[in-house]
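Engineer: Got a file for you: query_7.pdb, PDB, C-alpha atoms.
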```
ATOM      1  CA  MET R   9     -75.831 -45.138  47.462
ATOM      2  CA  PHE R  10     -73.831 -41.916  47.766
ATOM      3  CA  GLU R  11     -71.688 -43.428  50.543
ATOM      4  CA  THR R  12     -70.788 -46.453  48.389
ATOM      5  CA  ILE R  13     -69.707 -44.247  45.464
ATOM      6  CA  ALA R  14     -67.651 -42.037  47.793
ATOM      7  CA  ILE R  15     -65.906 -45.057  49.294
ATOM      8  CA  LEU R  16     -65.185 -46.473  45.827
ATOM      9  CA  ILE R  17     -63.747 -43.127  44.696
ATOM     10  CA  VAL R  18     -61.460 -42.994  47.736
ATOM     11  CA  PHE R  19     -60.514 -46.640  47.212
ATOM     12  CA  PHE R  20     -59.558 -46.185  43.556
ATOM     13  CA  PHE R  21     -57.802 -42.920  44.322
ATOM     14  CA  LEU R  22     -55.652 -44.725  46.871
ATOM     15  CA  ILE R  23     -54.884 -47.545  44.414
ATOM     16  CA  VAL R  24     -53.873 -45.120  41.636
ATOM     17  CA  PHE R  25     -51.776 -43.090  44.086
ATOM     18  CA  GLY R  26     -50.084 -46.250  45.391
ATOM     19  CA  VAL R  27     -49.287 -47.609  41.924
ATOM     20  CA  SER R  28     -47.881 -44.288  40.683
ATOM     21  CA  PHE R  29     -45.827 -43.878  43.861
ATOM     22  CA  TYR R  30     -44.451 -47.411  43.524
ATOM     23  CA  THR R  31     -43.561 -46.875  39.826
ATOM     24  CA  LEU R  32     -41.811 -43.610  40.672
ATOM     25  CA  MET R  33     -39.815 -45.229  43.425
ATOM     26  CA  GLN R  34     -38.851 -48.222  41.279
ATOM     27  CA  LYS R  35     -37.648 -45.844  38.540
ATOM     28  CA  SER R  36     -35.562 -43.885  41.017
ATOM     29  CA  SER R  37     -34.173 -47.111  42.448
ATOM     30  CA  PHE R  38     -33.226 -48.323  38.956
ATOM     31  CA  GLU R  39     -31.492 -44.997  38.210
ATOM     32  CA  LYS R  40     -29.566 -45.234  41.492
ATOM     33  CA  GLU R  41     -28.458 -48.777  40.694
ATOM     34  CA  ASN R  42     -27.385 -47.732  37.197
ATOM     35  CA  GLU R  43     -25.438 -44.755  38.578
ATOM     36  CA  LYS R  44     -23.739 -47.029  41.107
ATOM     37  CA  ASN R  45     -22.691 -49.452  38.339
ATOM     38  CA  VAL R  46     -21.261 -46.665  36.157
ATOM     39  CA  GLN R  47     -19.352 -45.237  39.134
ATOM     40  CA  LEU R  48     -17.911 -48.630  40.048
ATOM     41  CA  LYS R  49     -16.989 -49.205  36.411
ATOM     42  CA  SER R  50     -15.186 -45.855  36.274
ATOM     43  CA  VAL R  51     -13.103 -46.771  39.339
ATOM     44  CA  ALA R  52     -12.353 -50.245  37.939
ATOM     45  CA  ILE R  53     -11.198 -48.850  34.575
ATOM     46  CA  ALA R  54      -9.089 -46.171  36.267
ATOM     47  CA  GLN R  55      -7.404 -48.877  38.377
ATOM     48  CA  LYS R  56      -6.716 -50.995  35.282
ATOM     49  CA  VAL R  57      -5.193 -48.005  33.488
ATOM     50  CA  ALA R  58      -2.990 -47.186  36.468
ATOM     51  CA  TYR R  59      -1.387 -50.639  36.232
ATOM     52  CA  LEU R  60      -1.403 -51.114  32.450
ATOM     53  CA  PRO R  61       1.865 -52.955  31.600
ATOM     54  CA  GLU R  62       1.984 -51.197  28.206
ATOM     55  CA  THR R  63       2.744 -47.856  29.877
ATOM     56  CA  ASP R  64       4.287 -48.752  33.225
ATOM     57  CA  CYS R  65       7.742 -47.759  34.462
ATOM     58  CA  ALA R  66       9.791 -50.797  35.264
ATOM     59  CA  MET R  67      13.280 -50.407  36.700
ATOM     60  CA  ILE R  68      15.244 -53.642  36.631
ATOM     61  CA  GLY R  69      11.960 -55.518  36.330
ATOM     62  CA  ILE R  70      10.352 -53.772  39.303
ATOM     63  CA  GLN R  71       7.180 -51.829  38.571
ATOM     64  CA  ILE R  72       6.969 -48.362  40.124
ATOM     65  CA  ASP R  73       3.581 -47.368  41.536
ATOM     66  CA  ASN R  74       1.720 -44.395  40.016
ATOM     67  CA  CYS R  75       4.308 -44.099  37.258
ATOM     68  CA  PHE R  76       3.843 -43.857  33.482
ATOM     69  CA  ASP R  77       6.601 -44.088  30.911
ATOM     70  CA  VAL R  78       6.084 -41.109  28.591
ATOM     71  CA  HIS R  79       7.747 -42.751  25.596
ATOM     72  CA  LYS R  80       5.646 -45.904  25.956
ATOM     73  CA  ALA R  81       2.475 -43.809  26.350
ATOM     74  CA  LYS R  82       3.252 -41.762  23.239
ATOM     75  CA  ALA R  83       4.002 -44.931  21.271
ATOM     76  CA  LEU R  84       0.680 -46.440  22.365
ATOM     77  CA  GLN R  85      -1.111 -43.215  21.415
ATOM     78  CA  HIS R  86       0.507 -43.376  17.964
ATOM     79  CA  ILE R  87      -0.554 -47.001  17.479
ATOM     80  CA  PHE R  88      -4.162 -46.242  18.459
ATOM     81  CA  GLN R  89      -4.329 -43.127  16.285
ATOM     82  CA  THR R  90      -3.010 -44.852  13.178
ATOM     83  CA  ASP R  91      -4.989 -48.078  13.533
ATOM     84  CA  ASP R  92      -8.534 -48.098  14.914
ATOM     85  CA  THR R  93      -8.667 -51.882  15.109
ATOM     86  CA  LYS R  94      -5.810 -51.835  17.655
ATOM     87  CA  GLN R  95      -7.823 -49.435  19.808
ATOM     88  CA  LEU R  96     -10.872 -51.690  19.500
ATOM     89  CA  ALA R  97      -8.776 -54.611  20.723
ATOM     90  CA  TYR R  98      -8.518 -52.754  24.045
ATOM     91  CA  PHE R  99     -12.274 -52.180  24.271
ATOM     92  CA  PRO R 100     -12.924 -55.176  26.592
ATOM     93  CA  ILE R 101     -10.525 -53.600  29.113
ATOM     94  CA  LEU R 102     -11.029 -49.883  28.696
ATOM     95  CA  GLU R 103     -14.596 -49.766  27.278
ATOM     96  CA  TYR R 104     -15.967 -46.328  26.368
ATOM     97  CA  SER R 105     -13.418 -44.022  27.938
ATOM     98  CA  THR R 106     -10.798 -41.339  27.348
ATOM     99  CA  ILE R 107      -7.396 -41.703  28.987
ATOM    100  CA  THR R 108      -5.270 -38.594  29.211
ATOM    101  CA  LEU R 109      -1.868 -37.984  30.780
ATOM    102  CA  GLU R 110      -1.194 -34.338  31.631
ATOM    103  CA  ARG R 111       2.129 -32.945  32.780
ATOM    104  CA  ILE R 112       1.896 -30.488  35.659
ATOM    105  CA  TYR R 113       5.517 -29.890  36.678
ATOM    106  CA  PRO R 114       7.818 -28.874  35.130
ATOM    107  CA  HIS R 115       6.190 -27.012  32.228
ATOM    108  CA  THR R 116       2.445 -27.376  32.836
ATOM    109  CA  GLY R 117       0.144 -28.199  29.956
ATOM    110  CA  GLU R 118       1.483 -31.051  27.820
ATOM    111  CA  LYS R 119      -1.249 -33.640  27.276
ATOM    112  CA  VAL R 120      -1.089 -37.135  25.816
ATOM    113  CA  VAL R 121      -4.466 -38.653  24.941
ATOM    114  CA  VAL R 122      -3.568 -42.331  25.009
ATOM    115  CA  TYR R 123      -6.996 -43.873  24.343
ATOM    116  CA  ASN R 124     -10.196 -42.246  23.172
ATOM    117  CA  LEU R 125     -13.381 -44.176  22.457
ATOM    118  CA  THR R 126     -16.546 -42.281  23.337
ATOM    119  CA  GLY R 127     -19.142 -44.189  21.321
ATOM    120  CA  GLU R 128     -20.847 -40.784  20.903
ATOM    121  CA  ARG R 129     -21.803 -40.861  24.561
ATOM    122  CA  VAL R 130     -21.773 -37.544  26.334
ATOM    123  CA  ARG R 131     -22.279 -38.336  30.013
ATOM    124  CA  LYS R 132     -18.827 -38.847  31.468
ATOM    125  CA  ILE R 133     -17.462 -39.581  34.920
ATOM    126  CA  PRO R 134     -13.930 -38.234  35.314
ATOM    127  CA  THR R 135     -11.434 -39.772  37.741
ATOM    128  CA  PHE R 136      -8.091 -38.124  38.482
ATOM    129  CA  TYR R 137      -4.920 -39.722  39.821
ATOM    130  CA  PRO R 138      -1.667 -37.908  40.602
ATOM    131  CA  ILE R 139       1.194 -39.725  38.867
ATOM    132  CA  VAL R 140       4.807 -39.347  37.814
ATOM    133  CA  LEU R 141       5.786 -39.383  34.157
ATOM    134  CA  TYR R 142       9.096 -41.079  33.542
ATOM    135  CA  ASN R 143      11.266 -39.801  30.713
ATOM    136  CA  ALA R 144      13.774 -42.527  29.888
ATOM    137  CA  THR R 145      15.842 -40.156  27.716
ATOM    138  CA  SER R 146      16.541 -37.548  30.399
ATOM    139  CA  LYS R 147      16.092 -40.087  33.243
ATOM    140  CA  THR R 148      13.724 -37.713  35.011
ATOM    141  CA  PHE R 149      10.334 -38.051  36.701
ATOM    142  CA  ASP R 150       7.830 -35.285  35.964
ATOM    143  CA  PHE R 151       4.736 -34.693  38.076
ATOM    144  CA  GLY R 152       1.452 -35.200  36.257
ATOM    145  CA  VAL R 153      -2.174 -36.231  36.409
ATOM    146  CA  LEU R 154      -3.888 -39.244  34.902
ATOM    147  CA  GLU R 155      -7.445 -38.421  33.850
ATOM    148  CA  VAL R 156      -9.771 -41.322  33.101
ATOM    149  CA  ASP R 157     -13.156 -40.276  31.722
ATOM    150  CA  VAL R 158     -15.577 -43.176  31.615
ATOM    151  CA  TYR R 159     -18.700 -42.695  29.516
ATOM    152  CA  GLY R 160     -22.048 -43.901  30.814
ATOM    153  CA  THR R 161     -25.412 -44.358  29.150
TER     154      THR R 161
ATOM    155  CA  MET N  12     -74.735 -56.204  62.942
ATOM    156  CA  ALA N  13     -76.450 -54.951  59.782
ATOM    157  CA  PRO N  14     -74.872 -56.092  56.465
ATOM    158  CA  LYS N  15     -74.316 -52.410  55.430
ATOM    159  CA  ALA N  16     -72.283 -51.723  58.572
ATOM    160  CA  GLN N  17     -70.232 -54.843  57.941
ATOM    161  CA  MET N  18     -69.499 -53.638  54.384
ATOM    162  CA  GLU N  19     -68.366 -50.259  55.719
ATOM    163  CA  ILE N  20     -66.016 -51.925  58.193
ATOM    164  CA  MET N  21     -64.588 -54.054  55.358
ATOM    165  CA  GLY N  22     -64.000 -50.865  53.320
ATOM    166  CA  LEU N  23     -62.210 -49.263  56.227
ATOM    167  CA  VAL N  24     -60.036 -52.368  56.700
ATOM    168  CA  ILE N  25     -59.036 -52.270  53.015
ATOM    169  CA  VAL N  26     -58.199 -48.554  53.274
ATOM    170  CA  VAL N  27     -56.065 -49.182  56.376
ATOM    171  CA  ILE N  28     -54.252 -52.056  54.613
ATOM    172  CA  LEU N  29     -53.548 -49.857  51.584
ATOM    173  CA  ILE N  30     -52.210 -47.047  53.764
ATOM    174  CA  ALA N  31     -49.994 -49.495  55.667
ATOM    175  CA  LEU N  32     -48.622 -50.865  52.371
ATOM    176  CA  GLY N  33     -47.923 -47.326  51.166
ATOM    177  CA  VAL N  34     -46.047 -46.475  54.359
ATOM    178  CA  LEU N  35     -44.036 -49.701  54.089
ATOM    179  CA  PHE N  36     -42.984 -48.906  50.504
ATOM    180  CA  ALA N  37     -42.087 -45.351  51.454
ATOM    181  CA  LEU N  38     -39.928 -46.624  54.315
ATOM    182  CA  ARG N  39     -38.257 -49.258  52.136
ATOM    183  CA  PHE N  40     -37.174 -46.721  49.535
ATOM    184  CA  SER N  41     -36.292 -43.905  51.883
ATOM    185  CA  LEU N  42     -34.082 -46.187  53.981
ATOM    186  CA  SER N  43     -32.283 -47.726  50.972
ATOM    187  CA  GLU N  44     -28.508 -47.184  50.839
ATOM    188  CA  ASP N  45     -27.327 -43.951  49.229
ATOM    189  CA  THR N  46     -24.576 -44.824  46.738
ATOM    190  CA  SER N  47     -24.036 -41.393  45.187
ATOM    191  CA  GLY N  48     -20.662 -40.884  46.871
ATOM    192  CA  LEU N  49     -19.317 -44.387  46.320
ATOM    193  CA  ARG N  50     -16.740 -43.436  43.693
ATOM    194  CA  GLU N  51     -15.539 -40.405  45.669
ATOM    195  CA  GLU N  52     -15.017 -42.605  48.716
ATOM    196  CA  VAL N  53     -12.890 -45.116  46.799
ATOM    197  CA  VAL N  54     -10.876 -42.462  44.962
ATOM    198  CA  GLU N  55     -10.342 -40.258  48.023
ATOM    199  CA  SER N  56      -9.053 -43.175  50.070
ATOM    200  CA  GLU N  57      -6.069 -43.429  47.705
ATOM    201  CA  LEU N  58      -5.681 -39.809  46.702
ATOM    202  CA  ALA N  59      -3.532 -38.479  49.550
ATOM    203  CA  GLY N  60      -1.120 -41.427  49.376
ATOM    204  CA  SER N  61      -0.644 -41.384  45.614
ATOM    205  CA  LEU N  62      -0.277 -37.596  45.593
ATOM    206  CA  LEU N  63       2.452 -37.636  48.264
ATOM    207  CA  ASN N  64       4.268 -40.514  46.536
ATOM    208  CA  ALA N  65       4.182 -38.750  43.178
ATOM    209  CA  MET N  66       5.350 -35.468  44.726
ATOM    210  CA  VAL N  67       8.427 -36.867  46.472
ATOM    211  CA  SER N  68       9.475 -38.845  43.375
ATOM    212  CA  THR N  69       9.366 -35.814  41.070
ATOM    213  CA  THR N  70      12.619 -34.553  39.611
ATOM    214  CA  THR N  71      12.851 -30.780  40.065
ATOM    215  CA  GLU N  72      14.431 -28.198  37.793
ATOM    216  CA  CYS N  73      16.662 -27.055  40.638
ATOM    217  CA  ASN N  74      19.795 -28.430  39.037
ATOM    218  CA  THR N  75      19.729 -29.716  35.477
ATOM    219  CA  ILE N  76      23.211 -31.241  35.605
ATOM    220  CA  ASN N  77      22.619 -33.286  38.769
ATOM    221  CA  PRO N  78      18.846 -33.853  38.905
ATOM    222  CA  ILE N  79      17.430 -33.309  42.412
ATOM    223  CA  THR N  80      14.142 -34.802  43.543
ATOM    224  CA  LEU N  81      11.564 -32.941  45.611
ATOM    225  CA  ALA N  82      12.263 -35.388  48.461
ATOM    226  CA  GLU N  83      15.904 -34.222  48.472
ATOM    227  CA  LEU N  84      14.761 -30.602  48.623
ATOM    228  CA  TYR N  85      12.510 -31.432  51.598
ATOM    229  CA  GLN N  86      15.419 -33.191  53.306
ATOM    230  CA  ASP N  87      17.826 -30.308  52.736
ATOM    231  CA  CYS N  88      15.234 -27.760  53.846
ATOM    232  CA  SER N  89      14.444 -29.741  57.004
ATOM    233  CA  SER N  90      18.063 -30.025  58.109
ATOM    234  CA  LEU N  91      18.896 -26.434  57.042
ATOM    235  CA  SER N  92      22.256 -27.634  55.819
ATOM    236  CA  ASN N  93      22.038 -25.233  52.878
ATOM    237  CA  GLY N  94      23.728 -27.871  50.800
ATOM    238  CA  ILE N  95      21.463 -27.203  47.836
ATOM    239  CA  ARG N  96      21.302 -23.935  45.910
ATOM    240  CA  CYS N  97      19.020 -23.977  42.902
ATOM    241  CA  GLU N  98      20.663 -22.454  39.852
ATOM    242  CA  SER N  99      18.385 -23.395  36.970
ATOM    243  CA  THR N 100      15.183 -21.509  37.746
ATOM    244  CA  THR N 101      15.884 -18.588  40.079
ATOM    245  CA  PRO N 102      19.626 -18.457  40.794
ATOM    246  CA  GLY N 103      20.551 -18.701  44.453
ATOM    247  CA  ARG N 104      17.182 -19.948  45.619
ATOM    248  CA  THR N 105      17.364 -22.119  48.746
ATOM    249  CA  ALA N 106      15.946 -25.629  49.043
ATOM    250  CA  CYS N 107      13.128 -24.351  51.291
ATOM    251  CA  GLU N 108      12.070 -21.642  48.811
ATOM    252  CA  GLU N 109      12.207 -24.014  45.845
ATOM    253  CA  ALA N 110      10.380 -26.812  47.704
ATOM    254  CA  GLN N 111       7.680 -24.408  48.852
ATOM    255  CA  ASN N 112       7.246 -23.046  45.343
ATOM    256  CA  ILE N 113       6.984 -26.455  43.676
ATOM    257  CA  THR N 114       4.701 -27.936  46.376
ATOM    258  CA  GLN N 115       2.355 -24.961  46.117
ATOM    259  CA  LEU N 116       2.205 -25.334  42.319
ATOM    260  CA  MET N 117       1.501 -29.069  42.499
ATOM    261  CA  LEU N 118      -1.258 -28.674  45.086
ATOM    262  CA  ASN N 119      -2.811 -25.761  43.173
ATOM    263  CA  GLU N 120      -2.904 -27.748  39.936
ATOM    264  CA  THR N 121      -4.432 -30.827  41.559
ATOM    265  CA  LEU N 122      -6.414 -30.579  44.804
ATOM    266  CA  GLU N 123      -7.249 -26.880  44.448
ATOM    267  CA  LYS N 124      -8.440 -27.433  40.852
ATOM    268  CA  TRP N 125     -10.552 -30.427  41.895
ATOM    269  CA  GLY N 126     -12.217 -28.340  44.600
ATOM    270  CA  LYS N 127     -10.698 -30.162  47.549
ATOM    271  CA  LYS N 128      -9.586 -28.571  50.802
ATOM    272  CA  TYR N 129      -6.196 -29.693  52.063
ATOM    273  CA  HIS N 130      -3.468 -29.114  54.608
ATOM    274  CA  PHE N 131       0.128 -30.027  53.793
ATOM    275  CA  HIS N 132       2.758 -29.792  56.498
ATOM    276  CA  ILE N 133       6.044 -31.182  57.737
ATOM    277  CA  SER N 134       6.687 -32.379  61.267
ATOM    278  CA  GLY N 135       9.126 -34.470  63.299
ATOM    279  CA  SER N 136      12.761 -33.340  63.441
ATOM    280  CA  ALA N 137      12.313 -30.644  60.775
ATOM    281  CA  SER N 138      13.673 -27.160  61.452
ATOM    282  CA  GLU N 139      11.291 -24.339  62.365
ATOM    283  CA  ASP N 140      12.032 -22.623  59.032
ATOM    284  CA  ALA N 141      11.002 -25.795  57.174
ATOM    285  CA  LYS N 142       7.829 -26.120  59.256
ATOM    286  CA  ILE N 143       6.868 -22.548  58.392
ATOM    287  CA  ALA N 144       7.835 -22.726  54.699
ATOM    288  CA  LEU N 145       6.149 -26.056  54.125
ATOM    289  CA  ASN N 146       2.901 -25.365  55.925
ATOM    290  CA  ILE N 147       0.621 -25.051  52.911
ATOM    291  CA  SER N 148      -3.145 -25.071  53.157
ATOM    292  CA  ASN N 149      -6.238 -23.723  51.437
ATOM    293  CA  THR N 150      -8.331 -23.860  54.592
ATOM    294  CA  ILE N 151      -8.226 -21.256  57.343
ATOM    295  CA  ASP N 152      -9.143 -23.500  60.262
ATOM    296  CA  GLY N 153      -7.874 -26.894  59.061
ATOM    297  CA  CYS N 154      -9.972 -29.911  58.148
ATOM    298  CA  GLY N 155     -11.800 -30.339  61.431
ATOM    299  CA  ARG N 156     -12.458 -33.962  62.338
ATOM    300  CA  LEU N 157     -13.068 -35.415  58.889
ATOM    301  CA  TYR N 158     -10.041 -35.892  56.658
ATOM    302  CA  GLU N 159      -7.981 -38.445  54.737
ATOM    303  CA  ARG N 160      -4.425 -38.377  56.085
ATOM    304  CA  LYS N 161      -1.265 -39.845  54.602
ATOM    305  CA  SER N 162       2.279 -39.470  55.914
ATOM    306  CA  ILE N 163       5.691 -40.203  54.458
ATOM    307  CA  PRO N 164       8.782 -40.403  56.670
ATOM    308  CA  LEU N 165      12.009 -38.946  55.241
ATOM    309  CA  PRO N 166      15.411 -39.551  56.827
ATOM    310  CA  THR N 167      17.567 -36.434  57.252
ATOM    311  CA  ARG N 168      20.803 -35.472  59.032
ATOM    312  CA  VAL N 169      18.799 -34.130  61.981
ATOM    313  CA  GLY N 170      16.499 -37.130  62.291
ATOM    314  CA  THR N 171      13.327 -38.348  60.607
ATOM    315  CA  VAL N 172      10.900 -35.783  59.287
ATOM    316  CA  ILE N 173       7.291 -36.573  58.432
ATOM    317  CA  LEU N 174       5.564 -35.178  55.388
ATOM    318  CA  GLN N 175       1.836 -35.101  56.013
ATOM    319  CA  LEU N 176      -1.090 -34.390  53.714
ATOM    320  CA  ASP N 177      -4.656 -34.090  54.979
ATOM    321  CA  ILE N 178      -7.450 -33.962  52.428
ATOM    322  CA  CYS N 179     -10.653 -32.659  54.009
ATOM    323  CA  LYS N 180     -13.931 -34.523  53.451
TER     324      LYS N 180
END
```
Translate this file's structure into structure tokens.
Structural biologist:
Amino acid sequence: MFETIAILIVFFFLIVFGVSFYTLMQKSSFEKENEKNVQLKSVAIAQKVAYLPETDCAMIGIQIDNCFDVHKAKALQHIFQTDDTKQLAYFPILEYSTITLERIYPHTGEKVVVYNLTGERVRKIPTFYPIVLYNATSKTFDFGVLEVDVYGT
Amino acid sequence: MAPKAQMEIMGLVIVVILIALGVLFALRFSLSEDTSGLREEVVESELAGSLLNAMVSTTTECNTINPITLAELYQDCSSLSNGIRCESTTPGRTACEEAQNITQLMLNETLEKWGKKYHFHISGSASEDAKIALNISNTIDGCGRLYERKSIPLPTRVGTVILQLDICK
């Protein structure tokens, strides 16, 4: 009688341990998959931003890689700041993210926040790209950084 | 064999099966692909190239009347022609001094800030002075065997010089 009860206890202990272990592992696997999706999304959005025709530098119709036109970027920022619906129109492309252009050289510090839609999410994945900022007035290329913060759940 | 002994053997078989299942699950999850560094891998593969491209395209403050790019400063420094004297920032500064100063600032504000180790240098037909002035790194013993390397060739009067940026992994 005692042996049977002992075996049953061990048996149920093993079942409970197995189920809890499996649940734990599934949860961790789900979190990993979710993290992977957010990371891939952040790269995809950063790539889209880098080639956004609204802010690109085109010389005689030829697009320059890693180049942003400062005047176009500031104009886009102004449009988004004055009209929220315009910013929402870009949601399918840029989703919940913040796009910032920062000038590094010459005169470090100037920042242009082109797009900012956080959806009150706090967990962000930042991606940085070195770029040049074209100033069509002075015909100069400044060195800067494109920061794309993508917000995850 | 007595029925009780048979029952005990059955119990043992079930226990062994459960343990085997547990080990299988543990193996399945522990051997699953680690994707934590996926984004870093994608971003880093492009970083060195885009950084070098952006650097050489930048217009410097060396001469405000006739804008000079950083690539032109590298070229002048490499050939030691002393054709460029920067007047706007520090009067009389040579191309090598100005190029070194600007490159250091750019790398400090990007790779250094993002916590990345790097080694920037110039090779090929560049003068010894250029090789010394433009050997900028934040590692003492280089990157070792793991790095992302991008090079840009620049034509000069003395031949082709190679700008090289290694970002350590």
Engineer: Counting all atoms listed in the file, which residues of chain R fall within 8 Å of chain N, and what is the closest atom pair for each with its distance in Å at one decimal, ordered by chain and rising number, as CSV?
Structural biologist:
```
residue,atom,partner,partner_atom,distance
R:Ile15,CA,N:Gly22,CA,7.3
R:Phe19,CA,N:Val26,CA,6.8
R:Leu22,CA,N:Leu29,CA,7.3
R:Ile23,CA,N:Leu29,CA,7.7
R:Gly26,CA,N:Gly33,CA,6.3
R:Tyr30,CA,N:Phe36,CA,7.3
R:Met33,CA,N:Phe40,CA,6.8
R:Ser37,CA,N:Phe40,CA,7.7
R:Lys40,CA,N:Thr46,CA,7.3
R:Glu43,CA,N:Ser47,CA,7.5
R:Lys44,CA,N:Thr46,CA,6.1
R:Gln47,CA,N:Arg50,CA,5.6
R:Leu48,CA,N:Arg50,CA,6.5
R:Ser50,CA,N:Arg50,CA,8.0
R:Val51,CA,N:Arg50,CA,6.6
R:Asn74,CA,N:Ser61,CA,6.8
R:Cys75,CA,N:Ala65,CA,8.0
R:Ile112,CA,N:Glu120,CA,7.0
R:Tyr113,CA,N:Met117,CA,7.1
R:Pro114,CA,N:Glu72,CA,7.2
R:Thr135,CA,N:Val54,CA,7.7
R:Tyr137,CA,N:Leu58,CA,6.9
R:Pro138,CA,N:Leu62,CA,5.2
R:Ile139,CA,N:Ala65,CA,5.3
R:Val140,CA,N:Ala65,CA,5.4
R:Thr148,CA,N:Thr70,CA,5.7
R:Phe149,CA,N:Thr69,CA,5.0
R:Asp150,CA,N:Thr69,CA,5.4
R:Phe151,CA,N:Thr69,CA,5.6
R:Val153,CA,N:Thr121,CA,7.8
```
Engineer: May I have the selected residues written with C-alpha atoms, as a compact mmCIF listing (two decimals), keeping the file's coordinate frame?
Structural biologist:
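As written to disk, out.txt reads:
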```txt
# COMPACT_ATOMS: atom_id res chain seq x y z
CA ILE R 15 -65.91 -45.06 49.29
CA PHE R 19 -60.51 -46.64 47.21
CA LEU R 22 -55.65 -44.72 46.87
CA ILE R 23 -54.88 -47.54 44.41
CA GLY R 26 -50.08 -46.25 45.39
CA TYR R 30 -44.45 -47.41 43.52
CA MET R 33 -39.82 -45.23 43.42
CA SER R 37 -34.17 -47.11 42.45
CA LYS R 40 -29.57 -45.23 41.49
CA GLU R 43 -25.44 -44.76 38.58
CA LYS R 44 -23.74 -47.03 41.11
CA GLN R 47 -19.35 -45.24 39.13
CA LEU R 48 -17.91 -48.63 40.05
CA SER R 50 -15.19 -45.86 36.27
CA VAL R 51 -13.10 -46.77 39.34
CA ASN R 74 1.72 -44.40 40.02
CA CYS R 75 4.31 -44.10 37.26
CA ILE R 112 1.90 -30.49 35.66
CA TYR R 113 5.52 -29.89 36.68
CA PRO R 114 7.82 -28.87 35.13
CA THR R 135 -11.43 -39.77 37.74
CA TYR R 137 -4.92 -39.72 39.82
CA PRO R 138 -1.67 -37.91 40.60
CA ILE R 139 1.19 -39.72 38.87
CA VAL R 140 4.81 -39.35 37.81
CA THR R 148 13.72 -37.71 35.01
CA PHE R 149 10.33 -38.05 36.70
CA ASP R 150 7.83 -35.28 35.96
CA PHE R 151 4.74 -34.69 38.08
CA VAL R 153 -2.17 -36.23 36.41
```
Engineer: Quick one: pull the distance between CA of Ala144 (chain R) and CA of Asn77 (chain N), Å, one decimal.
Structural biologist: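 We find that CA of Ala144 (chain R) and CA of Asn77 (chain N) lie 15.6 Å from each other.
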Engineer: Neighbours of Gln86 (chain N) within 12 Å (only C-alpha atoms; same-chain residues fewer than 3 positions away dropped), as a PyMOL selection string?
Structural biologist: chain N and resi 67+79-83+89-95+106-107+110+133-138+141-142+145+164-174
Engineer: For the file shown, what are the residues hit by the PyMOL selection byres ((chain R and resi 158) around 6), laid out as a list in words?
Structural biologist: Ser50, Ser105, Lys132, Ile133, Asp157 and Tyr159 of chain R
Engineer: Residues near Pro102 (chain N), anyone? I mean within 10 Å using all atoms listed in the file, not counting same-chain ones fewer than 5 positions away, as a ChimeraX atom specification.
Structural biologist: /N:73,96-97
Engineer: I'd like the contact shell of region 54-67 of chain R - 6 Å cut-off, only C-alpha atoms, skipping same-chain residues fewer than 4 positions apart - returned as a ChimeraX atom specification.
Structural biologist: /R:71-72,75-77,80-81,156
Engineer: Taking the file as shown, find all residues satisfying the PyMOL selection byres ((chain N and resi 150-155) around 10) and write them as a PDB file with C-alpha atoms, in the frame of the given file.
Structural biologist:
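Below you can see selection.pdb, which holds the result:
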```
ATOM      1  CA  LYS N 127     -10.698 -30.162  47.549  1.00  0.00           C
ATOM      2  CA  LYS N 128      -9.586 -28.571  50.802  1.00  0.00           C
ATOM      3  CA  TYR N 129      -6.196 -29.693  52.063  1.00  0.00           C
ATOM      4  CA  HIS N 130      -3.468 -29.114  54.608  1.00  0.00           C
ATOM      5  CA  ILE N 147       0.621 -25.051  52.911  1.00  0.00           C
ATOM      6  CA  SER N 148      -3.145 -25.071  53.157  1.00  0.00           C
ATOM      7  CA  ASN N 149      -6.238 -23.723  51.437  1.00  0.00           C
ATOM      8  CA  ARG N 156     -12.458 -33.962  62.338  1.00  0.00           C
ATOM      9  CA  LEU N 157     -13.068 -35.415  58.889  1.00  0.00           C
ATOM     10  CA  TYR N 158     -10.041 -35.892  56.658  1.00  0.00           C
ATOM     11  CA  GLU N 159      -7.981 -38.445  54.737  1.00  0.00           C
ATOM     12  CA  ASP N 177      -4.656 -34.090  54.979  1.00  0.00           C
ATOM     13  CA  ILE N 178      -7.450 -33.962  52.428  1.00  0.00           C
ATOM     14  CA  CYS N 179     -10.653 -32.659  54.009  1.00  0.00           C
ATOM     15  CA  LYS N 180     -13.931 -34.523  53.451  1.00  0.00           C
TER      16      LYS N 180
END
```
Engineer: Quick one: of N:Pro14, N:Ile163, N:Glu52, N:Lys124, who's nearest to Tyr85 (chain N), counting all atoms listed in the file?
Structural biologist: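 Using all atoms listed in the file, Tyr85 (chain N) sits closest to N:Ile163.
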Engineer: In Å, rounded to a single decimal, give me how far CA of Gly127 (chain R) is from CA of Gly126 (chain N).
Structural biologist: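 So the two atoms, CA of Gly126 (chain N) and CA of Gly127 (chain R), lie 29.0 Å apart.
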Engineer: Would you compute the distance between CA of Arg111 (chain R) and CA of Lys147 (chain R)? Give it in Å to one decimal.
Structural biologist: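 Computed distance, CA of Arg111 (chain R) to CA of Lys147 (chain R), equals 15.7 Å.
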Engineer: If we count all atoms listed in the file, what is near Arg129 (chain R) at a cut-off of 9 Å, once residues fewer than 4 positions away on the same chain are taken out, given as a PyMOL selection string?
Structural biologist: chain R and resi 104+159-161
Engineer: Select, from R:Phe136, R:Thr93, R:Asn143, R:His79, the residue with the minimum atom-to-atom distance to Val122 (chain R), counting only C-alpha atoms.
Structural biologist: R:His79
Engineer: Provide an axis-aligned box for all listed atoms of region 141-159 of chain R, padding each side by 8 Å; report its centre and its edge lengths in Å to one decimal, as lines of an AutoDock Vina configuration file.
Structural biologist:
```
center_x = -1.1
center_y = -38.9
center_z = 32.9
size_x = 51.2
size_y = 24.5
size_z = 26.4
```
